[in-house]
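*Asks:* Next comes the structure file work_29.tsv, holding TSV, C-alpha atoms and all ligand atoms.
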chain	number	residue	atom	x	y	z
A	117	MET	CA	121.23	96.21	125.55
A	118	ASP	CA	120.99	96.81	129.28
A	119	THR	CA	118.61	99.78	129.51
A	120	ILE	CA	119.38	102.53	132.03
A	121	LEU	CA	117.01	105.22	130.80
A	122	GLU	CA	113.74	104.96	128.97
A	123	LEU	CA	111.42	107.62	127.64
A	124	ARG	CA	108.01	106.19	126.84
A	125	ASN	CA	105.52	108.14	124.72
A	126	ILE	CA	106.55	111.54	126.04
A	127	THR	CA	104.46	114.52	124.93
A	128	LYS	CA	104.89	118.16	125.87
A	129	SER	CA	103.29	121.41	124.75
A	130	PHE	CA	103.98	124.99	125.73
A	131	GLY	CA	100.69	126.82	125.24
A	132	LYS	CA	99.45	125.78	121.82
A	133	THR	CA	102.88	124.69	120.59
A	134	GLU	CA	103.41	120.94	120.61
A	135	VAL	CA	107.11	120.68	121.35
A	136	LEU	CA	107.46	116.90	121.85
A	137	LYS	CA	105.16	114.58	119.93
A	138	ASP	CA	105.19	111.06	121.35
A	139	ILE	CA	108.90	110.55	121.95
A	140	SER	CA	110.11	107.05	122.87
A	141	ILE	CA	113.66	105.78	123.25
A	142	LYS	CA	115.64	103.26	125.30
A	143	ILE	CA	119.18	104.22	126.24
A	144	GLY	CA	121.75	101.63	127.29
A	145	LYS	CA	124.08	101.53	130.29
A	146	GLY	CA	127.34	103.27	129.41
A	147	GLU	CA	125.98	104.45	126.10
A	148	PHE	CA	126.90	107.80	124.52
A	149	ILE	CA	123.75	108.96	122.82
A	150	THR	CA	123.38	112.27	121.04
A	151	LEU	CA	120.20	114.19	120.35
A	152	LEU	CA	120.94	115.96	117.10
A	153	GLY	CA	118.66	118.55	115.58
A	154	PRO	CA	118.26	122.21	114.66
A	155	SER	CA	117.46	124.95	117.13
A	156	GLY	CA	113.97	124.71	118.57
A	157	CYS	CA	113.29	121.04	117.71
A	158	GLY	CA	112.86	120.09	121.37
A	159	LYS	CA	116.27	118.77	122.46
A	160	THR	CA	116.61	120.81	125.64
A	161	THR	CA	113.01	120.05	126.60
A	162	ILE	CA	113.84	116.33	126.53
A	163	LEU	CA	116.88	116.85	128.79
A	164	ARG	CA	114.83	118.94	131.19
A	165	ILE	CA	112.18	116.22	131.37
A	166	ILE	CA	114.85	113.57	132.09
A	167	ALA	CA	116.36	115.82	134.78
A	168	GLY	CA	112.93	116.47	136.31
A	169	LEU	CA	113.08	120.22	135.64
A	170	GLU	CA	110.06	119.98	133.36
A	171	GLU	CA	107.02	117.75	133.65
A	172	PRO	CA	105.77	115.95	130.52
A	173	ASP	CA	102.08	116.26	129.59
A	174	GLY	CA	101.95	112.55	128.82
A	175	GLY	CA	104.27	109.53	128.92
A	176	ARG	CA	106.70	108.15	131.49
A	177	VAL	CA	110.40	108.39	132.30
A	178	PHE	CA	112.16	105.32	133.69
A	179	LEU	CA	115.60	105.41	135.28
A	180	ASN	CA	117.13	102.03	135.96
A	181	GLY	CA	113.69	100.44	135.69
A	182	VAL	CA	112.08	102.84	138.18
A	183	ASP	CA	109.34	105.24	137.08
A	184	VAL	CA	110.79	108.66	138.00
A	185	THR	CA	108.26	110.78	136.10
A	186	GLU	CA	107.06	112.44	139.29
A	187	MET	CA	110.32	112.25	141.25
A	188	GLU	CA	112.02	115.48	142.45
A	189	PRO	CA	115.06	116.48	140.36
A	190	ASN	CA	117.53	116.17	143.25
A	191	LYS	CA	116.38	112.61	143.98
A	192	ARG	CA	117.21	111.44	140.46
A	193	ASP	CA	120.57	109.85	139.82
A	194	VAL	CA	121.20	112.29	137.01
A	195	ASN	CA	123.42	115.35	136.57
A	196	THR	CA	123.48	118.10	133.97
A	197	VAL	CA	126.27	120.06	132.29
A	198	PHE	CA	125.14	123.29	130.64
A	199	GLN	CA	126.67	125.24	127.80
A	200	ASN	CA	127.27	128.32	129.95
A	201	TYR	CA	129.09	126.25	132.63
A	202	ALA	CA	126.95	127.75	135.44
A	203	LEU	CA	129.96	127.86	137.83
A	204	PHE	CA	129.68	129.91	141.02
A	205	PRO	CA	131.89	132.92	140.19
A	206	HIS	CA	132.97	133.66	143.77
A	207	MET	CA	133.96	130.05	144.56
A	208	ASN	CA	137.26	128.50	143.58
A	209	VAL	CA	137.51	125.36	141.47
A	210	GLU	CA	137.65	123.00	144.44
A	211	ASP	CA	134.60	124.56	146.13
A	212	ASN	CA	132.63	124.55	142.90
A	213	ILE	CA	133.26	120.84	142.47
A	214	ALA	CA	132.62	120.02	146.13
A	215	TYR	CA	129.40	122.04	146.36
A	216	GLY	CA	126.94	119.21	145.71
A	217	LEU	CA	128.77	116.81	148.01
A	218	ARG	CA	128.77	119.37	150.84
A	219	ILE	CA	125.04	119.91	150.46
A	220	ARG	CA	124.61	116.17	150.83
A	221	LYS	CA	126.75	116.35	153.97
A	222	THR	CA	129.33	113.96	152.60
A	223	ASP	CA	132.28	113.30	154.90
A	224	LYS	CA	135.02	115.97	154.53
A	225	LYS	CA	137.83	113.52	153.88
A	226	GLU	CA	135.80	111.76	151.25
A	227	ILE	CA	134.98	115.07	149.58
A	228	ALA	CA	138.69	115.89	149.37
A	229	VAL	CA	139.48	112.54	147.77
A	230	ARG	CA	136.64	112.71	145.28
A	231	VAL	CA	137.41	116.29	144.27
A	232	GLU	CA	141.03	115.31	143.59
A	233	GLN	CA	139.91	112.33	141.53
A	234	ALA	CA	137.48	114.46	139.53
A	235	LEU	CA	140.18	117.09	138.89
A	236	GLU	CA	142.56	114.41	137.72
A	237	LEU	CA	139.95	112.96	135.38
A	238	VAL	CA	139.45	116.32	133.67
A	239	GLN	CA	143.21	116.99	133.71
A	240	LEU	CA	143.04	119.97	136.05
A	241	SER	CA	145.04	118.69	139.02
A	242	GLY	CA	146.59	121.64	140.84
A	243	TYR	CA	143.94	124.13	139.75
A	244	ASN	CA	142.05	123.76	143.07
A	245	LYS	CA	142.34	127.35	144.24
A	246	ARG	CA	141.72	129.19	140.97
A	247	LEU	CA	138.59	131.26	140.58
A	248	PRO	CA	136.44	130.77	137.46
A	249	HIS	CA	137.56	134.11	135.97
A	250	GLU	CA	141.16	132.87	136.14
A	251	LEU	CA	140.36	129.96	133.82
A	252	SER	CA	140.08	129.65	130.03
A	253	GLY	CA	136.78	128.62	128.42
A	254	GLY	CA	137.96	125.04	128.03
A	255	GLN	CA	139.14	124.87	131.64
A	256	LYS	CA	135.81	126.24	132.89
A	257	GLN	CA	134.01	123.59	130.93
A	258	ARG	CA	136.27	120.94	132.47
A	259	VAL	CA	135.40	122.21	135.94
A	260	ALA	CA	131.70	122.04	135.06
A	261	ILE	CA	132.19	118.45	133.95
A	262	ALA	CA	134.18	117.59	137.09
A	263	ARG	CA	131.38	119.03	139.20
A	264	ALA	CA	128.84	116.91	137.35
A	265	ILE	CA	130.75	113.63	137.61
A	266	VAL	CA	131.98	114.00	141.18
A	267	ASN	CA	128.95	112.24	142.67
A	268	ASN	CA	129.12	109.53	140.05
A	269	PRO	CA	125.64	109.86	138.52
A	270	LYS	CA	124.21	107.02	136.44
A	271	VAL	CA	123.35	109.41	133.65
A	272	LEU	CA	124.99	112.66	132.64
A	273	LEU	CA	122.98	115.11	130.57
A	274	LEU	CA	125.06	117.52	128.49
A	275	ASP	CA	123.35	120.46	126.77
A	276	GLU	CA	125.69	121.75	124.04
A	277	PRO	CA	128.59	121.68	126.52
A	278	LEU	CA	131.18	122.68	123.92
A	279	GLY	CA	129.04	125.29	122.18
A	280	ALA	CA	130.93	128.29	123.59
A	281	LEU	CA	134.39	127.04	122.63
A	282	ASP	CA	136.32	127.82	119.47
A	283	LEU	CA	136.60	125.14	116.85
A	284	GLN	CA	140.07	123.85	117.70
A	285	LEU	CA	139.40	123.56	121.42
A	286	ARG	CA	136.05	122.05	120.66
A	287	ARG	CA	137.62	119.24	118.64
A	288	GLN	CA	140.14	118.58	121.40
A	289	MET	CA	137.43	118.53	124.07
A	290	GLN	CA	135.31	116.19	121.96
A	291	THR	CA	138.07	113.61	122.06
A	292	GLU	CA	138.69	114.16	125.77
A	293	LEU	CA	135.02	113.91	126.68
A	294	LYS	CA	134.55	110.75	124.70
A	295	ARG	CA	137.56	109.13	126.40
A	296	LEU	CA	136.35	110.25	129.81
A	297	GLN	CA	132.90	108.82	129.15
A	298	LYS	CA	134.30	105.42	128.19
A	299	ARG	CA	136.59	105.41	131.21
A	300	LEU	CA	133.81	106.29	133.65
A	301	GLY	CA	131.20	104.08	132.03
A	302	ILE	CA	128.54	106.74	132.73
A	303	THR	CA	125.69	107.05	130.24
A	304	PHE	CA	125.90	110.37	128.38
A	305	VAL	CA	122.87	112.02	126.81
A	306	TYR	CA	124.45	114.75	124.73
A	307	ILE	CA	122.81	117.59	122.84
A	308	THR	CA	124.25	119.24	119.81
A	309	HIS	CA	123.14	120.74	116.54
A	310	ASP	CA	126.58	120.03	115.04
A	311	GLN	CA	126.43	116.89	112.94
A	312	GLU	CA	130.19	116.42	112.87
A	313	GLU	CA	130.33	116.50	116.64
A	314	ALA	CA	127.52	113.96	116.83
A	315	ILE	CA	129.21	111.60	114.38
A	316	ASN	CA	132.55	111.97	116.14
A	317	MET	CA	131.41	111.21	119.64
A	318	SER	CA	128.27	109.09	119.71
A	319	ASP	CA	127.51	105.40	119.97
A	320	ARG	CA	124.05	106.28	118.66
A	321	ILE	CA	122.46	109.43	117.29
A	322	ALA	CA	118.79	110.34	117.56
A	323	VAL	CA	118.09	112.80	114.74
A	324	MET	CA	115.28	115.15	115.77
A	325	ARG	CA	112.86	117.16	113.71
A	326	ASP	CA	109.99	119.23	115.12
A	327	GLY	CA	109.52	117.21	118.29
A	328	VAL	CA	109.98	113.69	116.91
A	329	PHE	CA	112.89	111.32	116.42
A	330	GLU	CA	113.17	111.01	112.69
A	331	GLN	CA	115.84	108.28	112.89
A	332	ILE	CA	117.81	106.62	115.68
A	333	GLY	CA	120.94	104.69	114.80
A	334	THR	CA	124.72	104.43	114.94
A	335	PRO	CA	126.61	107.26	113.23
A	336	ALA	CA	127.33	104.93	110.30
A	337	GLN	CA	123.67	103.93	109.94
A	338	VAL	CA	122.45	107.50	110.05
A	339	TYR	CA	125.15	108.69	107.66
A	340	ASP	CA	125.18	105.82	105.15
A	341	LEU	CA	121.56	104.73	105.27
A	342	PRO	CA	119.41	107.76	106.04
A	343	LYS	CA	115.72	106.90	106.20
A	344	THR	CA	114.41	110.27	105.12
A	345	SER	CA	115.52	113.17	102.97
A	346	TYR	CA	115.67	115.32	106.11
A	347	VAL	CA	118.20	113.00	107.81
A	348	ALA	CA	120.18	112.70	104.58
A	349	GLU	CA	120.50	116.48	104.33
A	350	PHE	CA	120.94	117.27	108.01
A	351	VAL	CA	123.63	114.64	108.56
A	352	GLY	CA	126.34	115.14	105.96
A	353	ASN	CA	124.45	117.32	103.45
A	354	ALA	CA	123.60	114.54	101.02
A	355	ASN	CA	122.48	115.35	97.50
A	356	LEU	CA	118.80	114.60	96.84
A	357	ILE	CA	117.81	113.55	93.34
A	358	ARG	CA	114.25	112.89	92.17
A	359	GLY	CA	113.47	110.12	89.72
A	360	ARG	CA	111.09	107.40	88.61
A	361	VAL	CA	111.66	103.66	88.92
A	362	THR	CA	111.70	101.89	85.54
A	363	GLU	CA	112.78	98.40	86.54
A	364	ILE	CA	113.79	96.30	89.52
A	365	LYS	CA	116.13	93.43	88.95
A	366	ASP	CA	118.33	91.41	91.32
A	367	GLY	CA	117.76	93.85	94.18
A	368	VAL	CA	118.75	96.87	92.11
A	369	ALA	CA	116.34	99.59	90.95
A	370	SER	CA	116.88	101.40	87.66
A	371	ILE	CA	115.82	104.98	88.03
A	372	GLU	CA	115.13	107.50	85.33
A	373	VAL	CA	116.14	111.04	86.24
A	374	ALA	CA	116.35	114.30	84.33
A	375	GLY	CA	119.26	113.82	81.93
A	376	GLY	CA	119.88	110.11	82.36
A	377	GLN	CA	119.48	106.93	84.28
A	378	VAL	CA	121.07	105.58	87.47
A	379	LYS	CA	120.83	102.51	89.66
A	380	ALA	CA	120.24	102.14	93.39
A	381	ALA	CA	120.35	99.09	95.63
A	382	VAL	CA	116.94	98.17	97.05
A	383	ARG	CA	117.09	97.81	100.83
A	384	ASP	CA	114.16	97.88	103.24
A	385	LYS	CA	112.09	100.13	101.00
A	386	GLN	CA	110.51	98.18	98.14
A	387	PRO	CA	109.74	100.50	95.26
A	388	ALA	CA	107.60	99.37	92.31
A	389	PRO	CA	108.20	100.27	88.66
A	390	GLY	CA	106.58	103.61	87.88
A	391	MET	CA	107.03	104.95	91.41
A	392	GLU	CA	108.43	108.44	91.99
A	393	VAL	CA	111.38	108.23	94.39
A	394	ILE	CA	114.05	110.37	96.01
A	395	LEU	CA	117.65	109.23	96.03
A	396	ALA	CA	120.16	110.44	98.57
A	397	VAL	CA	123.79	110.40	97.39
A	398	ARG	CA	126.79	111.63	99.38
A	399	SER	CA	128.92	114.18	97.55
A	400	GLU	CA	132.05	112.03	98.01
A	401	ASN	CA	130.31	109.25	96.09
A	402	VAL	CA	129.41	111.36	93.07
A	403	LYS	CA	131.91	110.70	90.28
A	404	LEU	CA	132.31	112.84	87.20
A	405	TYR	CA	133.07	111.83	83.62
A	406	THR	CA	133.40	113.63	80.32
A	407	TYR	CA	131.37	110.89	78.56
A	408	SER	CA	128.00	109.25	79.18
A	409	THR	CA	127.52	105.67	80.35
A	410	GLN	CA	124.45	103.47	80.92
A	411	THR	CA	124.17	104.79	84.45
A	412	SER	CA	125.00	108.45	84.29
A	413	ILE	CA	123.27	111.80	84.37
A	414	ARG	CA	124.07	114.62	82.02
A	415	CYS	CA	124.58	117.85	83.91
A	416	ARG	CA	126.35	121.18	83.85
A	417	LEU	CA	129.39	121.94	85.94
A	418	LYS	CA	128.59	125.36	87.37
A	419	GLU	CA	131.44	126.06	89.72
A	420	ILE	CA	134.61	124.60	91.24
A	421	SER	CA	135.85	125.47	94.70
A	422	PHE	CA	138.91	124.30	96.59
A	423	ALA	CA	139.36	124.51	100.34
A	424	GLY	CA	141.16	122.49	102.99
A	425	GLY	CA	142.54	120.03	100.46
A	426	MET	CA	139.02	119.25	99.26
A	427	GLN	CA	137.68	120.08	95.84
A	428	LYS	CA	133.97	120.69	95.40
A	429	LEU	CA	132.28	120.63	92.04
A	430	PHE	CA	128.85	122.23	91.88
A	431	LEU	CA	126.60	120.61	89.29
A	432	GLN	CA	123.16	121.34	87.96
A	433	LEU	CA	120.87	118.71	86.49
A	434	GLU	CA	118.50	119.45	83.62
A	435	ASP	CA	115.55	119.91	86.00
A	436	GLY	CA	117.53	122.49	88.03
A	437	THR	CA	118.50	120.12	90.88
A	438	GLU	CA	121.83	121.06	92.40
A	439	VAL	CA	124.35	118.35	93.16
A	440	VAL	CA	127.78	118.57	94.76
A	441	SER	CA	130.64	116.23	93.97
A	442	SER	CA	133.59	116.34	96.35
A	443	SER	CA	137.02	114.76	96.42
A	444	PHE	CA	140.41	115.28	97.96
A	445	GLY	CA	143.07	116.88	95.86
A	446	MET	CA	142.54	118.73	92.59
A	447	ARG	CA	141.06	117.27	89.47
A	448	LEU	CA	141.88	119.46	86.55
A	449	ALA	CA	139.97	117.46	83.96
A	450	PHE	CA	136.88	119.65	84.11
A	451	GLU	CA	136.14	123.20	83.07
A	452	PRO	CA	133.50	125.36	84.73
A	453	ASN	CA	130.37	125.74	82.61
A	454	SER	CA	131.04	122.56	80.66
A	455	GLU	CA	128.70	119.63	80.11
A	456	VAL	CA	129.70	116.59	82.20
A	457	TYR	CA	128.23	113.27	83.31
A	458	MET	CA	127.79	112.29	86.92
A	459	SER	CA	127.46	108.77	88.17
A	460	PHE	CA	127.51	106.76	91.38
A	461	ASP	CA	127.66	103.18	92.46
A	462	ALA	CA	124.26	101.48	93.01
A	463	ASN	CA	125.26	100.89	96.65
A	464	HIS	CA	125.73	104.60	97.18
A	465	GLY	CA	122.25	105.59	96.02
A	466	VAL	CA	119.88	105.38	99.00
A	467	LEU	CA	116.12	105.54	98.49
A	468	VAL	CA	114.68	107.85	101.15
A	469	ASP	CA	111.24	109.06	102.21
A	470	LEU	CA	110.41	112.69	101.55
A	501	LIG	P1	118.23	124.99	120.95
A	501	LIG	O1	119.18	124.15	120.17
A	501	LIG	O2	118.01	126.33	120.35
A	501	LIG	O3	118.49	125.02	122.43
A	501	LIG	P2	116.18	122.95	121.37
A	501	LIG	O4	116.07	121.93	120.29
A	501	LIG	O5	116.90	122.59	122.59
A	501	LIG	O6	116.76	124.28	120.75
A	501	LIG	P3	113.96	123.52	123.11
A	501	LIG	O7	114.71	124.44	123.99
A	501	LIG	O8	113.63	122.17	123.62
A	501	LIG	O9	114.69	123.38	121.69
A	501	LIG	O10	112.62	124.26	122.67
A	501	LIG	C1	111.66	123.67	121.83
A	501	LIG	C2	110.54	124.68	121.56
A	501	LIG	O11	109.83	124.91	122.78
A	501	LIG	C3	111.01	126.02	121.08
A	501	LIG	O12	110.12	126.46	120.09
A	501	LIG	C4	110.94	126.89	122.32
A	501	LIG	O13	110.69	128.22	121.98
A	501	LIG	C5	109.80	126.27	123.08
A	501	LIG	N1	109.93	126.42	124.54
A	501	LIG	C6	110.89	125.87	125.31
A	501	LIG	N2	110.71	126.16	126.61
A	501	LIG	C7	109.60	126.91	126.69
A	501	LIG	C8	108.87	127.52	127.76
A	501	LIG	N3	109.26	127.40	129.03
A	501	LIG	N4	107.77	128.22	127.43
A	501	LIG	C9	107.35	128.34	126.17
A	501	LIG	N5	107.98	127.78	125.11
A	501	LIG	C10	109.09	127.08	125.36
Could you quickly redo this structure as structure tokens?
Ligand code: ATP

*Replies:*
Amino acid sequence: MDTILELRNITKSFGKTEVLKDISIKIGKGEFITLLGPSGCGKTTILRIIAGLEEPDGGRVFLNGVDVTEMEPNKRDVNTVFQNYALFPHMNVEDNIAYGLRIRKTDKKEIAVRVEQALELVQLSGYNKRLPHELSGGQKQRVAIARAIVNNPKVLLLDEPLGALDLQLRRQMQTELKRLQKRLGITFVYITHDQEEAINMSDRIAVMRDGVFEQIGTPAQVYDLPKTSYVAEFVGNANLIRGRVTEIKDGVASIEVAGGQVKAAVRDKQPAPGMEVILAVRSENVKLYTYSTQTSIRCRLKEISFAGGMQKLFLQLEDGTEVVSSSFGMRLAFEPNSEVYMSFDANHGVLVDL
């Protein structure tokens, strides 16, 4: 990977609150990386440190190999798009986009060309003279993006840029933004607390928890092979089941759980017989049967819900653990409040840290 941006051992506290605890990451040229985490975990603080709007207490920031930790924000080849657009209300679209170029005393003809190009890229050609209040939410966000890309920064920082839009428009803009990013080849550092958005758009996701990166990986890695129970739950609401290892054979662990026994493939974590473990299993991988097998768990079917073509079966294990099984279409084989058996393929049981 050709690194464009590197955070090395960044720490930051506000008063007594440690907001970033030794954050390190390398981000590649042209990469779309998402910082995913709940409110208050430190995402915006990271963006502000990259932009130079906040100074870290410790650690360094490198942009294209140059240490920019102490560099003024306007000298950094970085631009930011905020959730609230931050457009100048009294300026029309064209002037909003041209603002930064004018401050830099760019040639007038060149400004005109670049503004047109930026408008075309965000599919707003012809909207030059509109004022922000004459635009929809999605159009305002497009103008904010055009303004950010018009001087062709190496890195674009986006802080929940679609957060104010309704769901349908948000989905549409996700696709548009992703296409635009690939076309421009600019590195995007994108913040969201929406896991679906992160999975949809990113080349890599850094899952954050209380000021640390809990796991960094491709959407598939983070979704299919979560390292911790937190990542498993935060990305895709995996079921977490506690058990004890009874045997390991041919790379597969047999695990005793309340009401039965299951198997899980052993990957990088090497459990020993007798060890207490936590298994993460995606709801779409939980299968239900009316009979027990050698790898099944007896449980009670508490509730059935059906929405958006997806059926969800809410189960309870003997120790009270709640598990969801989901599938498309309706399965009428099961009655609420009946005893059933759940099972999953050994490859779908992932051993995670607490
Ligand atoms: P959100 O998704 O809600 O924007 P976030 O993950 O971006 O959250 P940050 O804005 O980075 O979180 O804030 C991390 C923590 O630091 C929060 O507890 C916040 O209250 C605190 N914080 C941020 N900026 C300051 C500041 N200037 N002074 C004091 N505390 C701050």

*Asks:* Work out how far apart CA of Gln255 (chain A) and CA of Gln284 (chain A) are and give it in Å to one decimal.

*Replies:*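 It comes out at 14.0 Å.
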
*Asks:* Quick one: of A:Phe329, A:Phe422, A:Tyr405, A:Phe444, who's nearest to ligand LIG 501 (chain A), counting all atoms listed in the file?

*Replies:*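 Once distances to ligand LIG 501 (chain A) are computed over all atoms listed in the file, the minimum belongs to A:Phe329.
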
*Asks:* (124.0, 125.4, 130.1) in this file's frame - what residues fall within 9 Å of it? Use all atoms listed in the file and give the answer as number ranges by chain.

*Replies:* A: 196-202, 274-277

*Asks:* Quick one: everything within 10 Å of Arg325 (chain A), counting only C-alpha atoms, minus sequence neighbours fewer than 4 positions away in the same chain. Send it as a short mmCIF file (atom, residue, chain, number, x, y, z; two decimals) with C-alpha atoms, in the frame of the given file.

*Replies:*
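Contents of result18.cif, freshly written:
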data_model
loop_
_atom_site.label_atom_id
_atom_site.label_comp_id
_atom_site.auth_asym_id
_atom_site.auth_seq_id
_atom_site.Cartn_x
_atom_site.Cartn_y
_atom_site.Cartn_z
CA LEU A 136 107.46 116.90 121.85
CA LEU A 152 120.94 115.96 117.10
CA GLY A 153 118.66 118.55 115.58
CA PRO A 154 118.26 122.21 114.66
CA SER A 155 117.46 124.95 117.13
CA GLY A 156 113.97 124.71 118.57
CA CYS A 157 113.29 121.04 117.71
CA GLY A 158 112.86 120.09 121.37
CA LYS A 159 116.27 118.77 122.46
CA PHE A 329 112.89 111.32 116.42
CA GLU A 330 113.17 111.01 112.69
CA GLN A 331 115.84 108.28 112.89
CA TYR A 346 115.67 115.32 106.11
CA VAL A 347 118.20 113.00 107.81
CA PHE A 350 120.94 117.27 108.01
#

*Asks:* Residues around (120.0, 112.8, 125.4), cut-off 12 Å, counting only C-alpha atoms - what are they as a compact mmCIF listing (two decimals) with C-alpha atoms, keeping the file's coordinate frame?

*Replies:*
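File result31.txt, as written:
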# COMPACT_ATOMS: atom_id res chain seq x y z
CA LEU A 121 117.01 105.22 130.80
CA GLU A 122 113.74 104.96 128.97
CA LEU A 123 111.42 107.62 127.64
CA ILE A 139 108.90 110.55 121.95
CA SER A 140 110.11 107.05 122.87
CA ILE A 141 113.66 105.78 123.25
CA LYS A 142 115.64 103.26 125.30
CA ILE A 143 119.18 104.22 126.24
CA GLY A 144 121.75 101.63 127.29
CA GLU A 147 125.98 104.45 126.10
CA PHE A 148 126.90 107.80 124.52
CA ILE A 149 123.75 108.96 122.82
CA THR A 150 123.38 112.27 121.04
CA LEU A 151 120.20 114.19 120.35
CA LEU A 152 120.94 115.96 117.10
CA GLY A 153 118.66 118.55 115.58
CA GLY A 158 112.86 120.09 121.37
CA LYS A 159 116.27 118.77 122.46
CA THR A 160 116.61 120.81 125.64
CA THR A 161 113.01 120.05 126.60
CA ILE A 162 113.84 116.33 126.53
CA LEU A 163 116.88 116.85 128.79
CA ARG A 164 114.83 118.94 131.19
CA ILE A 165 112.18 116.22 131.37
CA ILE A 166 114.85 113.57 132.09
CA ALA A 167 116.36 115.82 134.78
CA VAL A 194 121.20 112.29 137.01
CA ASN A 195 123.42 115.35 136.57
CA THR A 196 123.48 118.10 133.97
CA VAL A 197 126.27 120.06 132.29
CA VAL A 271 123.35 109.41 133.65
CA LEU A 272 124.99 112.66 132.64
CA LEU A 273 122.98 115.11 130.57
CA LEU A 274 125.06 117.52 128.49
CA ASP A 275 123.35 120.46 126.77
CA GLU A 276 125.69 121.75 124.04
CA THR A 303 125.69 107.05 130.24
CA PHE A 304 125.90 110.37 128.38
CA VAL A 305 122.87 112.02 126.81
CA TYR A 306 124.45 114.75 124.73
CA ILE A 307 122.81 117.59 122.84
CA THR A 308 124.25 119.24 119.81
CA ALA A 314 127.52 113.96 116.83
CA SER A 318 128.27 109.09 119.71
CA ASP A 319 127.51 105.40 119.97
CA ARG A 320 124.05 106.28 118.66
CA ILE A 321 122.46 109.43 117.29
CA ALA A 322 118.79 110.34 117.56
CA VAL A 323 118.09 112.80 114.74
CA MET A 324 115.28 115.15 115.77
CA PHE A 329 112.89 111.32 116.42
CA ILE A 332 117.81 106.62 115.68

*Asks:* Using all atoms listed in the file, find the one residue out of A:Gly465, A:Gly327, A:Pro269, A:Gly174 that sits nearest to Arg358 (chain A).

*Replies:* A:Gly465

*Asks:* Rank A:His309, A:Gln233, A:Val259, A:Glu186 by their smallest atom-to-atom distance to ligand LIG 501 (chain A), using only C-alpha atoms and all ligand atoms, and report the top residue only.

*Replies:*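 The answer is A:His309, which sits nearest to ligand LIG 501 (chain A).
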
*Asks:* Could you jot down the CA of Leu217 (chain A) to CA of Ile265 (chain A) separation for me, Å, one decimal place?

*Replies:*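 Taking CA of Leu217 (chain A) and CA of Ile265 (chain A), their separation equals 11.1 Å.
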
*Asks:* Hey, can you check how far CA of Ala380 (chain A) sits from CA of Val361 (chain A)?

*Replies:*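 Going from CA of Ala380 (chain A) over to CA of Val361 (chain A), I get 9.8 Å.
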
*Asks:* Using only C-alpha atoms and all ligand atoms, find the one residue out of A:Glu438, A:Glu312, A:Asp193, A:Asp326 that sits nearest to ligand LIG 501 (chain A).

*Replies:* A:Asp326

*Asks:* Have a look at A:Arg246, A:Ile120, A:Gly279, A:Leu251 and name the one nearest to ligand LIG 501 (chain A); count all atoms listed in the file.

*Replies:*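 That would be A:Gly279, the residue with the smallest distance to ligand LIG 501 (chain A).
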
*Asks:* Any idea what's packed within 8 Å of Tyr339 (chain A), counting all atoms listed in the file, ignoring anything in its chain fewer than 3 positions away? Could you give it as a list in words?

*Replies:*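 Within the cut-off, the hits are Pro335, Ala336, Pro342, Ala348, Val351 and Gly352 of chain A.
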
*Asks:* Check the smallest atom-to-atom distance from each of A:Arg176, A:Arg124, A:Arg230, A:Lys132 to ligand LIG 501 (chain A) using all atoms listed in the file, then report the winner.

*Replies:*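 Selected residue with least distance to ligand LIG 501 (chain A): A:Lys132.
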
*Asks:* Is it possible to get the axis-aligned box enclosing ligand LIG 501 (chain A) (all listed atoms, 3 Å extra per side) as lines of an AutoDock Vina configuration file, with centre and edge lengths in Å rounded to one decimal?

*Replies:*
center_x = 113.3
center_y = 125.1
center_z = 124.6
size_x = 17.8
size_y = 12.4
size_z = 14.9

*Asks:* What's around Arg286 (chain A) at 12 Å? Count only C-alpha atoms, leave out sequence neighbours fewer than 6 positions away in its own chain, and write the answer as a short mmCIF file (atom, residue, chain, number, x, y, z; two decimals) with C-alpha atoms, in the frame of the given file.

*Replies:*
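Wrote part.cif, looks like this:
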data_model
loop_
_atom_site.label_atom_id
_atom_site.label_comp_id
_atom_site.auth_asym_id
_atom_site.auth_seq_id
_atom_site.Cartn_x
_atom_site.Cartn_y
_atom_site.Cartn_z
CA GLY A 253 136.78 128.62 128.42
CA GLY A 254 137.96 125.04 128.03
CA GLN A 255 139.14 124.87 131.64
CA GLN A 257 134.01 123.59 130.93
CA ARG A 258 136.27 120.94 132.47
CA GLU A 276 125.69 121.75 124.04
CA PRO A 277 128.59 121.68 126.52
CA LEU A 278 131.18 122.68 123.92
CA GLY A 279 129.04 125.29 122.18
CA ALA A 280 130.93 128.29 123.59
CA GLU A 292 138.69 114.16 125.77
CA LEU A 293 135.02 113.91 126.68
CA ASP A 310 126.58 120.03 115.04
CA GLU A 312 130.19 116.42 112.87
CA GLU A 313 130.33 116.50 116.64
CA ASN A 316 132.55 111.97 116.14
CA MET A 317 131.41 111.21 119.64
#
